[in-house]
Amino acid sequence: MRAKLITREGHQKLKDEVDFLWRKERPRITEIVTWAAGLGDRSENADYQYNKRRLREIDRRVRFLRKVLEDIQIVDYHPQQDGKVFFGAWVTLEDDDENTLRFRIVGGEEIYGRDDYISIDSPMAKACLGKQVDDELVVRAPSGDKTWYVLGVQYEKKE
């Protein structure tokens, strides 16, 4: 089962997306659909067909986001987290070949469009939880186990 957690920044981003889609994008697309419908035969009207489909996509996304926002729990930074890897942490790892990774552990809804965020439900994130600098962790993957070492743990702190 996926954890239903989100950072405060991620929550705000989803709220902003709902607001944009509902208050800006949907009215704009509705206007285009109304205009295109007034041109006559809708079955051969590409503007009408495309924008009607776009309207359904917007409505589907807004319904999905509203449901997510209802069911999700915001997790804020707490000073007790300092030095250890928990939800919201920026983690820097290094393997035996001196390859480094830097990522932030966030909720599943926050990872889209970001290649430096990983879901708390991922094997890498699960292996990192509770670790601190200089700890060793083993990530189990289909290609085999891989050992990593924690180089750094930081949190975004609100002043």
# chains A, B, ... in the order shown; residues from 1 in each chain; ligands from 1
>>> closest_atom_pairs(of="stretch 40-103 of chain A", to="stretch 8-11 of chain A", cutoff="8 Å", atoms="only C-alpha atoms", output="Markdown table")
| residue | atom | partner | partner_atom | distance |
| --- | --- | --- | --- | --- |
| A:Leu69 | CA | A:His11 | CA | 7.4 |
| A:Ile74 | CA | A:Arg8 | CA | 5.8 |
| A:Val75 | CA | A:Arg8 | CA | 6.7 |
| A:Asp76 | CA | A:Arg8 | CA | 6.5 |
>>> write_last_selection(atoms="N, CA and C atoms", output="compact mmCIF listing (two decimals), in the first residue's frame")
# COMPACT_ATOMS: atom_id res chain seq x y z
N LEU A 69 -6.00 15.44 -2.60
CA LEU A 69 -5.84 16.48 -1.58
C LEU A 69 -6.68 16.20 -0.34
N ILE A 74 -0.09 16.01 5.14
CA ILE A 74 1.09 16.86 5.00
C ILE A 74 2.07 16.52 6.12
N VAL A 75 3.34 16.34 5.75
CA VAL A 75 4.39 16.06 6.73
C VAL A 75 5.38 17.22 6.68
N ASP A 76 5.49 17.92 7.80
CA ASP A 76 6.43 19.03 7.91
C ASP A 76 7.71 18.57 8.60
>>> residues_around(residues="A:Lys126", least_positions_apart="6", cutoff="10 Å", atoms="only C-alpha atoms", output="JSON, numbers by chain")
{"A": [85, 86, 105, 119, 120, 137, 139]}
>>> write_last_selection(atoms="N, CA, C and O atoms", output="PDB file, in the first residue's frame")
ATOM      1  N   VAL A  85      17.691  10.230   8.054  1.00  0.00           N
ATOM      2  CA  VAL A  85      16.867  10.258   6.849  1.00  0.00           C
ATOM      3  C   VAL A  85      15.416   9.908   7.200  1.00  0.00           C
ATOM      4  O   VAL A  85      15.146   8.819   7.706  1.00  0.00           O
ATOM      5  N   PHE A  86      14.541  10.862   6.927  1.00  0.00           N
ATOM      6  CA  PHE A  86      13.101  10.656   7.073  1.00  0.00           C
ATOM      7  C   PHE A  86      12.411  11.308   5.878  1.00  0.00           C
ATOM      8  O   PHE A  86      13.077  11.871   4.999  1.00  0.00           O
ATOM      9  N   ILE A 105      13.306  12.501  -0.674  1.00  0.00           N
ATOM     10  CA  ILE A 105      12.275  11.490  -0.432  1.00  0.00           C
ATOM     11  C   ILE A 105      10.953  12.205  -0.185  1.00  0.00           C
ATOM     12  O   ILE A 105      10.823  12.976   0.771  1.00  0.00           O
ATOM     13  N   SER A 119       9.912   8.458  -4.585  1.00  0.00           N
ATOM     14  CA  SER A 119       8.771   8.157  -3.727  1.00  0.00           C
ATOM     15  C   SER A 119       9.234   7.455  -2.459  1.00  0.00           C
ATOM     16  O   SER A 119      10.127   6.606  -2.495  1.00  0.00           O
ATOM     17  N   ILE A 120       8.577   7.779  -1.375  1.00  0.00           N
ATOM     18  CA  ILE A 120       8.873   7.119  -0.105  1.00  0.00           C
ATOM     19  C   ILE A 120       8.598   5.616  -0.188  1.00  0.00           C
ATOM     20  O   ILE A 120       9.108   4.830   0.598  1.00  0.00           O
ATOM     21  N   LEU A 137      23.885   1.234   3.462  1.00  0.00           N
ATOM     22  CA  LEU A 137      22.575   0.657   3.202  1.00  0.00           C
ATOM     23  C   LEU A 137      22.649  -0.226   1.978  1.00  0.00           C
ATOM     24  O   LEU A 137      23.467  -0.007   1.092  1.00  0.00           O
ATOM     25  N   VAL A 139      20.411  -1.791  -1.104  1.00  0.00           N
ATOM     26  CA  VAL A 139      19.166  -1.669  -1.862  1.00  0.00           C
ATOM     27  C   VAL A 139      18.982  -2.938  -2.668  1.00  0.00           C
ATOM     28  O   VAL A 139      19.855  -3.317  -3.453  1.00  0.00           O
TER      29      VAL A 139
END
>>> residues_around(residues="stretch 31-33 of chain A", least_positions_apart="2", cutoff="9 Å", atoms="only C-alpha atoms", output="PyMOL selection string")
chain A and resi 26-29+35-38+47-52+55
>>> residues_around(residues="A:Asp19", least_positions_apart="4", cutoff="12 Å", atoms="only C-alpha atoms", output="list of chain:residue names")
A:Gln12, A:Lys13, A:Leu14, A:Lys15, A:Arg23, A:Lys24, A:Glu25, A:Arg26, A:Pro27, A:Ile58, A:Arg61, A:Val62, A:Leu65, A:Arg66
>>> write_last_selection(atoms="C-alpha atoms", output="PDB file, in the first residue's frame")
ATOM      1  CA  GLN A  12       0.736  23.654  -2.426  1.00  0.00           C
ATOM      2  CA  LYS A  13       1.827  22.655  -5.936  1.00  0.00           C
ATOM      3  CA  LEU A  14      -1.162  20.306  -6.296  1.00  0.00           C
ATOM      4  CA  LYS A  15      -3.529  23.000  -4.980  1.00  0.00           C
ATOM      5  CA  ARG A  23     -10.113  28.848 -12.875  1.00  0.00           C
ATOM      6  CA  LYS A  24      -7.940  29.486 -15.942  1.00  0.00           C
ATOM      7  CA  GLU A  25      -7.562  26.513 -18.282  1.00  0.00           C
ATOM      8  CA  ARG A  26     -11.100  25.102 -18.089  1.00  0.00           C
ATOM      9  CA  PRO A  27     -12.859  28.427 -18.826  1.00  0.00           C
ATOM     10  CA  ILE A  58      -9.111  18.623 -17.312  1.00  0.00           C
ATOM     11  CA  ARG A  61      -7.461  15.565 -13.521  1.00  0.00           C
ATOM     12  CA  VAL A  62      -9.315  18.020 -11.267  1.00  0.00           C
ATOM     13  CA  LEU A  65      -6.386  15.998  -7.575  1.00  0.00           C
ATOM     14  CA  ARG A  66      -9.292  16.959  -5.305  1.00  0.00           C
TER      15      ARG A  66
END
>>> select_by_dssp(residues="chain A", states="strand (DSSP E)", output="compact mmCIF listing (two decimals) with C-alpha atoms, in the first residue's frame")
# COMPACT_ATOMS: atom_id res chain seq x y z
CA LEU A 5 2.11 11.56 2.55
CA ILE A 6 3.15 14.82 0.96
CA GLN A 73 -1.37 13.97 4.99
CA ILE A 74 1.09 16.86 5.00
CA TRP A 90 17.53 15.47 0.71
CA VAL A 91 19.89 12.51 0.72
CA THR A 92 23.33 12.21 -0.88
CA LEU A 93 24.64 8.67 -1.41
CA GLU A 94 27.81 7.17 -2.85
CA ASP A 95 28.51 3.61 -3.98
CA THR A 100 26.87 9.68 -6.29
CA LEU A 101 23.14 10.18 -6.10
CA ARG A 102 21.25 13.10 -4.63
CA PHE A 103 17.50 12.98 -4.22
CA ARG A 104 14.63 14.03 -1.98
CA ILE A 105 12.28 11.49 -0.43
CA VAL A 106 8.71 12.66 -1.05
CA TYR A 117 12.66 13.23 -6.22
CA ILE A 118 11.89 9.62 -5.29
CA SER A 119 8.77 8.16 -3.73
CA GLU A 136 25.77 1.80 4.87
CA LEU A 137 22.57 0.66 3.20
CA VAL A 138 21.76 -2.16 0.84
CA VAL A 139 19.17 -1.67 -1.86
CA LYS A 146 23.74 -2.72 -4.29
CA THR A 147 25.53 -1.09 -1.38
CA TRP A 148 25.44 2.68 -0.85
CA TYR A 149 26.90 4.96 1.81
CA VAL A 150 25.14 8.04 3.19
CA LEU A 151 27.23 11.18 2.57
CA GLY A 152 24.70 13.82 3.55
CA VAL A 153 21.21 14.46 4.90
CA GLN A 154 19.56 17.87 4.68
>>> atom_distance(atom1="atom CA of A:Arg56", atom2="atom CA of A:Thr7")
28.6 Å
>>> closest_residue(among="A:Cys128, A:Asn45, A:Gly144, A:Lys4", to="A:Glu70", atoms="only C-alpha atoms")
A:Lys4
>>> atom_distance(atom1="atom CA of A:Lys131", atom2="atom CA of A:Phe87")
11.8 Å
>>> select_by_dssp(residues="stretch 12-153 of chain A", states="alpha helix (DSSP H)", output="PDB file with N, CA, C and O atoms, in the first residue's frame")
ATOM      1  N   GLN A  12       1.034  22.354  -1.822  1.00  0.00           N
ATOM      2  CA  GLN A  12       0.736  23.654  -2.426  1.00  0.00           C
ATOM      3  C   GLN A  12       0.779  23.568  -3.953  1.00  0.00           C
ATOM      4  O   GLN A  12      -0.044  24.171  -4.639  1.00  0.00           O
ATOM      5  N   LYS A  13       1.719  22.812  -4.478  1.00  0.00           N
ATOM      6  CA  LYS A  13       1.827  22.655  -5.936  1.00  0.00           C
ATOM      7  C   LYS A  13       0.571  21.993  -6.512  1.00  0.00           C
ATOM      8  O   LYS A  13       0.061  22.417  -7.552  1.00  0.00           O
ATOM      9  N   LEU A  14       0.068  20.962  -5.833  1.00  0.00           N
ATOM     10  CA  LEU A  14      -1.162  20.306  -6.296  1.00  0.00           C
ATOM     11  C   LEU A  14      -2.361  21.246  -6.200  1.00  0.00           C
ATOM     12  O   LEU A  14      -3.203  21.290  -7.110  1.00  0.00           O
ATOM     13  N   LYS A  15      -2.439  22.024  -5.116  1.00  0.00           N
ATOM     14  CA  LYS A  15      -3.529  23.000  -4.980  1.00  0.00           C
ATOM     15  C   LYS A  15      -3.451  24.049  -6.088  1.00  0.00           C
ATOM     16  O   LYS A  15      -4.474  24.435  -6.658  1.00  0.00           O
ATOM     17  N   ASP A  16      -2.225  24.501  -6.399  1.00  0.00           N
ATOM     18  CA  ASP A  16      -2.045  25.479  -7.474  1.00  0.00           C
ATOM     19  C   ASP A  16      -2.458  24.897  -8.824  1.00  0.00           C
ATOM     20  O   ASP A  16      -3.045  25.596  -9.648  1.00  0.00           O
ATOM     21  N   GLU A  17      -2.167  23.621  -9.046  1.00  0.00           N
ATOM     22  CA  GLU A  17      -2.564  22.982 -10.302  1.00  0.00           C
ATOM     23  C   GLU A  17      -4.078  22.910 -10.422  1.00  0.00           C
ATOM     24  O   GLU A  17      -4.645  23.214 -11.480  1.00  0.00           O
ATOM     25  N   VAL A  18      -4.763  22.523  -9.347  1.00  0.00           N
ATOM     26  CA  VAL A  18      -6.233  22.486  -9.365  1.00  0.00           C
ATOM     27  C   VAL A  18      -6.781  23.878  -9.657  1.00  0.00           C
ATOM     28  O   VAL A  18      -7.669  24.045 -10.494  1.00  0.00           O
ATOM     29  N   ASP A  19      -6.239  24.868  -8.978  1.00  0.00           N
ATOM     30  CA  ASP A  19      -6.697  26.244  -9.157  1.00  0.00           C
ATOM     31  C   ASP A  19      -6.503  26.704 -10.606  1.00  0.00           C
ATOM     32  O   ASP A  19      -7.405  27.278 -11.208  1.00  0.00           O
ATOM     33  N   PHE A  20      -5.321  26.434 -11.159  1.00  0.00           N
ATOM     34  CA  PHE A  20      -5.049  26.818 -12.545  1.00  0.00           C
ATOM     35  C   PHE A  20      -6.002  26.113 -13.510  1.00  0.00           C
ATOM     36  O   PHE A  20      -6.592  26.750 -14.395  1.00  0.00           O
ATOM     37  N   ARG A  26      -9.774  25.607 -17.739  1.00  0.00           N
ATOM     38  CA  ARG A  26     -11.100  25.102 -18.089  1.00  0.00           C
ATOM     39  C   ARG A  26     -11.977  26.180 -18.725  1.00  0.00           C
ATOM     40  O   ARG A  26     -12.607  25.936 -19.760  1.00  0.00           O
ATOM     41  N   PRO A  27     -12.055  27.386 -18.166  1.00  0.00           N
ATOM     42  CA  PRO A  27     -12.859  28.427 -18.826  1.00  0.00           C
ATOM     43  C   PRO A  27     -12.351  28.761 -20.235  1.00  0.00           C
ATOM     44  O   PRO A  27     -13.153  28.993 -21.148  1.00  0.00           O
ATOM     45  N   ARG A  28     -11.036  28.750 -20.426  1.00  0.00           N
ATOM     46  CA  ARG A  28     -10.471  29.033 -21.749  1.00  0.00           C
ATOM     47  C   ARG A  28     -10.879  27.955 -22.753  1.00  0.00           C
ATOM     48  O   ARG A  28     -11.324  28.252 -23.865  1.00  0.00           O
ATOM     49  N   ILE A  29     -10.772  26.709 -22.361  1.00  0.00           N
ATOM     50  CA  ILE A  29     -11.132  25.590 -23.246  1.00  0.00           C
ATOM     51  C   ILE A  29     -12.642  25.569 -23.485  1.00  0.00           C
ATOM     52  O   ILE A  29     -13.092  25.302 -24.606  1.00  0.00           O
ATOM     53  N   THR A  30     -13.419  25.870 -22.465  1.00  0.00           N
ATOM     54  CA  THR A  30     -14.883  25.919 -22.621  1.00  0.00           C
ATOM     55  C   THR A  30     -15.271  26.970 -23.649  1.00  0.00           C
ATOM     56  O   THR A  30     -16.170  26.751 -24.473  1.00  0.00           O
ATOM     57  N   GLU A  31     -14.592  28.097 -23.610  1.00  0.00           N
ATOM     58  CA  GLU A  31     -14.839  29.161 -24.586  1.00  0.00           C
ATOM     59  C   GLU A  31     -14.549  28.686 -26.019  1.00  0.00           C
ATOM     60  O   GLU A  31     -15.315  28.953 -26.951  1.00  0.00           O
ATOM     61  N   ILE A  32     -13.458  27.966 -26.199  1.00  0.00           N
ATOM     62  CA  ILE A  32     -13.100  27.440 -27.519  1.00  0.00           C
ATOM     63  C   ILE A  32     -14.130  26.422 -27.985  1.00  0.00           C
ATOM     64  O   ILE A  32     -14.549  26.434 -29.153  1.00  0.00           O
ATOM     65  N   VAL A  33     -14.571  25.542 -27.081  1.00  0.00           N
ATOM     66  CA  VAL A  33     -15.581  24.525 -27.430  1.00  0.00           C
ATOM     67  C   VAL A  33     -16.877  25.206 -27.841  1.00  0.00           C
ATOM     68  O   VAL A  33     -17.501  24.819 -28.846  1.00  0.00           O
ATOM     69  N   THR A  34     -17.284  26.224 -27.117  1.00  0.00           N
ATOM     70  CA  THR A  34     -18.511  26.955 -27.442  1.00  0.00           C
ATOM     71  C   THR A  34     -18.387  27.613 -28.814  1.00  0.00           C
ATOM     72  O   THR A  34     -19.306  27.534 -29.641  1.00  0.00           O
ATOM     73  N   TRP A  35     -17.265  28.250 -29.071  1.00  0.00           N
ATOM     74  CA  TRP A  35     -17.019  28.881 -30.364  1.00  0.00           C
ATOM     75  C   TRP A  35     -17.050  27.840 -31.491  1.00  0.00           C
ATOM     76  O   TRP A  35     -17.698  28.029 -32.510  1.00  0.00           O
ATOM     77  N   ALA A  36     -16.334  26.717 -31.287  1.00  0.00           N
ATOM     78  CA  ALA A  36     -16.250  25.677 -32.310  1.00  0.00           C
ATOM     79  C   ALA A  36     -17.608  25.022 -32.555  1.00  0.00           C
ATOM     80  O   ALA A  36     -17.938  24.677 -33.693  1.00  0.00           O
ATOM     81  N   ALA A  37     -18.398  24.865 -31.502  1.00  0.00           N
ATOM     82  CA  ALA A  37     -19.733  24.268 -31.654  1.00  0.00           C
ATOM     83  C   ALA A  37     -20.629  25.154 -32.500  1.00  0.00           C
ATOM     84  O   ALA A  37     -21.496  24.673 -33.236  1.00  0.00           O
ATOM     85  N   ALA A  46     -12.377  19.759 -36.075  1.00  0.00           N
ATOM     86  CA  ALA A  46     -11.209  19.349 -35.279  1.00  0.00           C
ATOM     87  C   ALA A  46     -11.068  20.175 -34.008  1.00  0.00           C
ATOM     88  O   ALA A  46     -10.717  19.632 -32.950  1.00  0.00           O
ATOM     89  N   ASP A  47     -11.330  21.481 -34.082  1.00  0.00           N
ATOM     90  CA  ASP A  47     -11.253  22.327 -32.890  1.00  0.00           C
ATOM     91  C   ASP A  47     -12.216  21.832 -31.828  1.00  0.00           C
ATOM     92  O   ASP A  47     -11.864  21.723 -30.650  1.00  0.00           O
ATOM     93  N   TYR A  48     -13.430  21.525 -32.239  1.00  0.00           N
ATOM     94  CA  TYR A  48     -14.442  21.059 -31.306  1.00  0.00           C
ATOM     95  C   TYR A  48     -14.018  19.717 -30.702  1.00  0.00           C
ATOM     96  O   TYR A  48     -14.032  19.548 -29.491  1.00  0.00           O
ATOM     97  N   GLN A  49     -13.640  18.763 -31.550  1.00  0.00           N
ATOM     98  CA  GLN A  49     -13.281  17.415 -31.093  1.00  0.00           C
ATOM     99  C   GLN A  49     -12.093  17.453 -30.116  1.00  0.00           C
ATOM    100  O   GLN A  49     -12.145  16.859 -29.041  1.00  0.00           O
ATOM    101  N   TYR A  50     -11.034  18.145 -30.514  1.00  0.00           N
ATOM    102  CA  TYR A  50      -9.827  18.194 -29.684  1.00  0.00           C
ATOM    103  C   TYR A  50     -10.110  18.870 -28.343  1.00  0.00           C
ATOM    104  O   TYR A  50      -9.721  18.373 -27.290  1.00  0.00           O
ATOM    105  N   ASN A  51     -10.755  20.006 -28.368  1.00  0.00           N
ATOM    106  CA  ASN A  51     -10.984  20.770 -27.137  1.00  0.00           C
ATOM    107  C   ASN A  51     -12.028  20.120 -26.237  1.00  0.00           C
ATOM    108  O   ASN A  51     -11.954  20.255 -25.020  1.00  0.00           O
ATOM    109  N   LYS A  52     -12.967  19.420 -26.817  1.00  0.00           N
ATOM    110  CA  LYS A  52     -13.929  18.667 -26.007  1.00  0.00           C
ATOM    111  C   LYS A  52     -13.188  17.555 -25.250  1.00  0.00           C
ATOM    112  O   LYS A  52     -13.424  17.327 -24.063  1.00  0.00           O
ATOM    113  N   ARG A  53     -12.263  16.883 -25.932  1.00  0.00           N
ATOM    114  CA  ARG A  53     -11.441  15.857 -25.293  1.00  0.00           C
ATOM    115  C   ARG A  53     -10.575  16.485 -24.202  1.00  0.00           C
ATOM    116  O   ARG A  53     -10.425  15.931 -23.110  1.00  0.00           O
ATOM    117  N   ARG A  54      -9.992  17.643 -24.486  1.00  0.00           N
ATOM    118  CA  ARG A  54      -9.159  18.347 -23.501  1.00  0.00           C
ATOM    119  C   ARG A  54      -9.978  18.723 -22.266  1.00  0.00           C
ATOM    120  O   ARG A  54      -9.494  18.628 -21.143  1.00  0.00           O
ATOM    121  N   LEU A  55     -11.216  19.116 -22.473  1.00  0.00           N
ATOM    122  CA  LEU A  55     -12.105  19.451 -21.370  1.00  0.00           C
ATOM    123  C   LEU A  55     -12.334  18.232 -20.469  1.00  0.00           C
ATOM    124  O   LEU A  55     -12.302  18.341 -19.237  1.00  0.00           O
ATOM    125  N   ARG A  56     -12.543  17.074 -21.076  1.00  0.00           N
ATOM    126  CA  ARG A  56     -12.715  15.844 -20.289  1.00  0.00           C
ATOM    127  C   ARG A  56     -11.444  15.515 -19.517  1.00  0.00           C
ATOM    128  O   ARG A  56     -11.509  15.083 -18.360  1.00  0.00           O
ATOM    129  N   GLU A  57     -10.270  15.716 -20.129  1.00  0.00           N
ATOM    130  CA  GLU A  57      -9.000  15.475 -19.444  1.00  0.00           C
ATOM    131  C   GLU A  57      -8.849  16.397 -18.236  1.00  0.00           C
ATOM    132  O   GLU A  57      -8.405  15.965 -17.168  1.00  0.00           O
ATOM    133  N   ILE A  58      -9.199  17.654 -18.415  1.00  0.00           N
ATOM    134  CA  ILE A  58      -9.111  18.623 -17.312  1.00  0.00           C
ATOM    135  C   ILE A  58     -10.029  18.203 -16.179  1.00  0.00           C
ATOM    136  O   ILE A  58      -9.629  18.179 -15.013  1.00  0.00           O
ATOM    137  N   ASP A  59     -11.270  17.858 -16.508  1.00  0.00           N
ATOM    138  CA  ASP A  59     -12.233  17.460 -15.474  1.00  0.00           C
ATOM    139  C   ASP A  59     -11.759  16.210 -14.720  1.00  0.00           C
ATOM    140  O   ASP A  59     -11.867  16.139 -13.499  1.00  0.00           O
ATOM    141  N   ARG A  60     -11.217  15.260 -15.460  1.00  0.00           N
ATOM    142  CA  ARG A  60     -10.710  14.031 -14.845  1.00  0.00           C
ATOM    143  C   ARG A  60      -9.546  14.355 -13.905  1.00  0.00           C
ATOM    144  O   ARG A  60      -9.477  13.849 -12.784  1.00  0.00           O
ATOM    145  N   ARG A  61      -8.622  15.203 -14.338  1.00  0.00           N
ATOM    146  CA  ARG A  61      -7.461  15.565 -13.521  1.00  0.00           C
ATOM    147  C   ARG A  61      -7.889  16.337 -12.269  1.00  0.00           C
ATOM    148  O   ARG A  61      -7.381  16.091 -11.173  1.00  0.00           O
ATOM    149  N   VAL A  62      -8.839  17.250 -12.415  1.00  0.00           N
ATOM    150  CA  VAL A  62      -9.315  18.020 -11.267  1.00  0.00           C
ATOM    151  C   VAL A  62      -9.979  17.097 -10.243  1.00  0.00           C
ATOM    152  O   VAL A  62      -9.727  17.214  -9.037  1.00  0.00           O
ATOM    153  N   ARG A  63     -10.809  16.161 -10.710  1.00  0.00           N
ATOM    154  CA  ARG A  63     -11.445  15.200  -9.790  1.00  0.00           C
ATOM    155  C   ARG A  63     -10.378  14.390  -9.052  1.00  0.00           C
ATOM    156  O   ARG A  63     -10.455  14.199  -7.834  1.00  0.00           O
ATOM    157  N   PHE A  64      -9.385  13.912  -9.796  1.00  0.00           N
ATOM    158  CA  PHE A  64      -8.302  13.126  -9.205  1.00  0.00           C
ATOM    159  C   PHE A  64      -7.548  13.946  -8.153  1.00  0.00           C
ATOM    160  O   PHE A  64      -7.315  13.481  -7.034  1.00  0.00           O
ATOM    161  N   LEU A  65      -7.157  15.169  -8.499  1.00  0.00           N
ATOM    162  CA  LEU A  65      -6.386  15.998  -7.575  1.00  0.00           C
ATOM    163  C   LEU A  65      -7.181  16.352  -6.323  1.00  0.00           C
ATOM    164  O   LEU A  65      -6.637  16.352  -5.216  1.00  0.00           O
ATOM    165  N   ARG A  66      -8.462  16.640  -6.479  1.00  0.00           N
ATOM    166  CA  ARG A  66      -9.292  16.959  -5.305  1.00  0.00           C
ATOM    167  C   ARG A  66      -9.381  15.763  -4.367  1.00  0.00           C
ATOM    168  O   ARG A  66      -9.337  15.917  -3.148  1.00  0.00           O
ATOM    169  N   LYS A  67      -9.499  14.570  -4.922  1.00  0.00           N
ATOM    170  CA  LYS A  67      -9.551  13.350  -4.109  1.00  0.00           C
ATOM    171  C   LYS A  67      -8.216  13.150  -3.390  1.00  0.00           C
ATOM    172  O   LYS A  67      -8.186  12.849  -2.194  1.00  0.00           O
ATOM    173  N   VAL A  68      -7.113  13.331  -4.107  1.00  0.00           N
ATOM    174  CA  VAL A  68      -5.788  13.193  -3.501  1.00  0.00           C
ATOM    175  C   VAL A  68      -5.625  14.193  -2.359  1.00  0.00           C
ATOM    176  O   VAL A  68      -5.164  13.837  -1.267  1.00  0.00           O
ATOM    177  N   LEU A  69      -6.002  15.437  -2.598  1.00  0.00           N
ATOM    178  CA  LEU A  69      -5.839  16.477  -1.584  1.00  0.00           C
ATOM    179  C   LEU A  69      -6.681  16.198  -0.340  1.00  0.00           C
ATOM    180  O   LEU A  69      -6.297  16.585   0.772  1.00  0.00           O
ATOM    181  N   GLU A  70      -7.806  15.530  -0.506  1.00  0.00           N
ATOM    182  CA  GLU A  70      -8.650  15.158   0.636  1.00  0.00           C
ATOM    183  C   GLU A  70      -7.991  14.085   1.490  1.00  0.00           C
ATOM    184  O   GLU A  70      -8.100  14.106   2.708  1.00  0.00           O
ATOM    185  N   ASP A  71      -7.358  13.120   0.831  1.00  0.00           N
ATOM    186  CA  ASP A  71      -6.885  11.912   1.502  1.00  0.00           C
ATOM    187  C   ASP A  71      -5.426  11.937   1.933  1.00  0.00           C
ATOM    188  O   ASP A  71      -4.938  10.972   2.504  1.00  0.00           O
ATOM    189  N   PRO A 123      12.100   1.230  -3.259  1.00  0.00           N
ATOM    190  CA  PRO A 123      13.092   0.446  -2.502  1.00  0.00           C
ATOM    191  C   PRO A 123      14.258   1.293  -1.994  1.00  0.00           C
ATOM    192  O   PRO A 123      14.731   1.088  -0.866  1.00  0.00           O
ATOM    193  N   MET A 124      14.717   2.254  -2.783  1.00  0.00           N
ATOM    194  CA  MET A 124      15.828   3.111  -2.374  1.00  0.00           C
ATOM    195  C   MET A 124      15.438   3.930  -1.136  1.00  0.00           C
ATOM    196  O   MET A 124      16.200   4.011  -0.171  1.00  0.00           O
ATOM    197  N   ALA A 125      14.256   4.536  -1.167  1.00  0.00           N
ATOM    198  CA  ALA A 125      13.816   5.355  -0.036  1.00  0.00           C
ATOM    199  C   ALA A 125      13.647   4.498   1.218  1.00  0.00           C
ATOM    200  O   ALA A 125      14.072   4.888   2.312  1.00  0.00           O
ATOM    201  N   LYS A 126      13.046   3.329   1.060  1.00  0.00           N
ATOM    202  CA  LYS A 126      12.847   2.440   2.211  1.00  0.00           C
ATOM    203  C   LYS A 126      14.185   2.036   2.830  1.00  0.00           C
ATOM    204  O   LYS A 126      14.303   1.947   4.050  1.00  0.00           O
ATOM    205  N   ALA A 127      15.176   1.799   1.997  1.00  0.00           N
ATOM    206  CA  ALA A 127      16.495   1.425   2.505  1.00  0.00           C
ATOM    207  C   ALA A 127      17.165   2.586   3.239  1.00  0.00           C
ATOM    208  O   ALA A 127      17.959   2.371   4.156  1.00  0.00           O
ATOM    209  N   CYS A 128      16.838   3.818   2.849  1.00  0.00           N
ATOM    210  CA  CYS A 128      17.462   5.005   3.443  1.00  0.00           C
ATOM    211  C   CYS A 128      16.856   5.413   4.781  1.00  0.00           C
ATOM    212  O   CYS A 128      17.547   6.004   5.620  1.00  0.00           O
TER     213      CYS A 128
END
>>> atom_distance(atom1="atom CA of A:Ala141", atom2="atom CA of A:Glu156")
29.0 Å
>>> closest_residue(among="A:Leu21, A:Gly83, A:Asp41, A:Gly108", to="A:Leu129", atoms="only C-alpha atoms")
A:Gly83
